[in-house]
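Participant: Have a look at this one before I ask anything.
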Amino acid sequence: MAIRPQGWPYKKEFRCHRCGNCCRGEGTVDLTPSDIRRAAKLLDLSRTGFIRNYCIENESGDVVLKDQGDEEQSCIFLTEENGLAGCRIHEAKPEQCSAFPMRWRPRRAADYCEGMREVLGLPPGALRRTISG
Ligand code: SF4
Ligand code: SF4
């Protein structure tokens, strides 16, 4: 995934539209030890219990969140109600999630992030992400 590490270049305030597209599709949520500690505490689990229930270890040895096994490869913690996406561990959201899109974003993030489209003056209508998108 192409990452753009530079700061947020847009003057307008970013507003998340809760489309949920950053929580589904290709890519993984890589967890830091602190992410694991905070999420496990929120869910009242031990570190081991949290990893066993919600994570996998990828080929590089990183601990990443599982997906829901659906077509869209939705994050295990993604919820949707009345068309609005939510995160079951919002209060202990992993750093990677909190940093999107202001501190990092894939090259084509504006295709699927409704909030970025607004900031950039693009028409609404973000593409819903799938495994290949
Ligand atoms: S942990 Fe929450 S914010 Fe991060 S990808 Fe999963 S549902 Fe989205
Ligand atoms: S893709 Fe953008 S607008 Fe949609 S939920 Fe993620 S941050 Fe919010």
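Just remember, in the structure tokens the first chain shown is A, the second B, etc., residues are 1-based per chain, and ligands are 1-based in the order shown.
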According to DSSP computed on the backbone, where in chain A is there helix (DSSP H, G or I)? Give the residues as number ranges by chain.
Facilitator: A: 21-23, 33-42, 47-54, 90-92, 95-99, 109-112, 114-120
Participant: Report as JSON lines: every residue of stretch 25-46 of chain A with an atom at most 7 Å from stretch 78-93 of chain A, its closest pair of atoms, and their distance in Å to one decimal, counting only C-alpha atoms, with rows sorted by chain and ascending residue number.
Facilitator:
{"residue": "A:Arg38", "atom": "CA", "partner": "A:Ala92", "partner_atom": "CA", "distance": 5.7}
{"residue": "A:Ala39", "atom": "CA", "partner": "A:Ala92", "partner_atom": "CA", "distance": 5.3}
{"residue": "A:Leu42", "atom": "CA", "partner": "A:Ala92", "partner_atom": "CA", "distance": 6.8}
Participant: Can you tell me which residues sit at most 10 Å away from ligand 2, counting only C-alpha atoms and all ligand atoms, written as an NGL selection string?
Facilitator: :A and (14-24 or 84-87 or 97-102 or 105 or 109-118 or 126-129)
Participant: Can you write out the residues you just picked, keeping C-alpha atoms, as a PDB file, in the first residue's frame?
Facilitator:
ATOM      1  CA  PHE A  14     -11.776  17.308   7.898  1.00  0.00           C
ATOM      2  CA  ARG A  15     -15.087  15.738   8.920  1.00  0.00           C
ATOM      3  CA  CYS A  16     -15.554  11.958   9.020  1.00  0.00           C
ATOM      4  CA  HIS A  17     -18.792  10.945   7.293  1.00  0.00           C
ATOM      5  CA  ARG A  18     -18.735   7.457   8.856  1.00  0.00           C
ATOM      6  CA  CYS A  19     -18.893   5.706   5.511  1.00  0.00           C
ATOM      7  CA  GLY A  20     -16.702   2.955   6.997  1.00  0.00           C
ATOM      8  CA  ASN A  21     -14.578   2.560   3.903  1.00  0.00           C
ATOM      9  CA  CYS A  22     -11.298   2.932   5.765  1.00  0.00           C
ATOM     10  CA  CYS A  23     -12.340  -0.092   7.866  1.00  0.00           C
ATOM     11  CA  ARG A  24     -12.909  -2.473   4.978  1.00  0.00           C
ATOM     12  CA  LEU A  84     -23.438   4.849   9.639  1.00  0.00           C
ATOM     13  CA  ALA A  85     -20.237   2.965  10.393  1.00  0.00           C
ATOM     14  CA  GLY A  86     -18.938   2.563  13.925  1.00  0.00           C
ATOM     15  CA  CYS A  87     -16.010   0.971  15.723  1.00  0.00           C
ATOM     16  CA  CYS A  97      -6.901   4.063  12.576  1.00  0.00           C
ATOM     17  CA  SER A  98      -6.725   7.352  14.492  1.00  0.00           C
ATOM     18  CA  ALA A  99      -4.047   8.657  12.153  1.00  0.00           C
ATOM     19  CA  PHE A 100      -6.053   8.150   8.937  1.00  0.00           C
ATOM     20  CA  PRO A 101      -6.324  10.255   6.800  1.00  0.00           C
ATOM     21  CA  MET A 102      -4.532  13.227   8.366  1.00  0.00           C
ATOM     22  CA  ARG A 105      -3.315   7.768   3.549  1.00  0.00           C
ATOM     23  CA  ALA A 109      -7.839   7.352  -0.534  1.00  0.00           C
ATOM     24  CA  ALA A 110     -10.028  10.143  -1.952  1.00  0.00           C
ATOM     25  CA  ASP A 111     -11.758   7.539  -4.130  1.00  0.00           C
ATOM     26  CA  TYR A 112     -13.315   5.956  -1.070  1.00  0.00           C
ATOM     27  CA  CYS A 113     -13.070   8.415   1.845  1.00  0.00           C
ATOM     28  CA  GLU A 114     -16.150  10.631   1.845  1.00  0.00           C
ATOM     29  CA  GLY A 115     -14.530  13.124   4.220  1.00  0.00           C
ATOM     30  CA  MET A 116     -11.505  13.542   1.974  1.00  0.00           C
ATOM     31  CA  ARG A 117     -13.761  14.077  -1.012  1.00  0.00           C
ATOM     32  CA  GLU A 118     -15.454  16.930   0.814  1.00  0.00           C
ATOM     33  CA  ALA A 126     -17.170   7.569  -2.349  1.00  0.00           C
ATOM     34  CA  LEU A 127     -16.778   4.077  -3.764  1.00  0.00           C
ATOM     35  CA  ARG A 128     -17.599   1.349  -1.293  1.00  0.00           C
ATOM     36  CA  ARG A 129     -14.449  -0.667  -0.801  1.00  0.00           C
TER      37      ARG A 129
END
Participant: Restricting the calculation to only C-alpha atoms and all ligand atoms, which member of A:Val63, A:Leu45, A:Leu31, A:Leu122 is positioned closest to ligand 1?
Facilitator: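 Residue with the minimum atom-to-atom distance to ligand 1: A:Leu31.
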Participant: Would you pick out the contacts of stretch 54-59 of chain A at 10 Å or less, using only C-alpha atoms, so that residues sharing its chain but fewer than 2 positions from it are not included, and give the list as a list of chain:residue names?
Facilitator: A:Thr28, A:Val29, A:Asp30, A:Leu31, A:Ile36, A:Ala40, A:Thr48, A:Gly49, A:Phe50, A:Ile51, A:Arg52, A:Gly61, A:Asp62, A:Val63, A:Val64, A:Leu65, A:Lys66, A:Asp67, A:Gln68, A:Cys75, A:Ile76, A:Phe77
Participant: Which of these, A:Gly27, A:Glu71, A:Pro33, A:Pro106, has the shortest distance to ligand 1 once you count only C-alpha atoms and all ligand atoms?
Facilitator: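 Smallest distance to ligand 1 is found for A:Gly27.
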Participant: Using only C-alpha atoms and all ligand atoms for the distances, tell me which of A:Pro94, A:Gly25, A:Pro124, A:Gly69 is nearest to ligand 1.
Facilitator: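 Comparing A:Pro94, A:Gly25, A:Pro124, A:Gly69 against ligand 1, the winner is A:Pro94.
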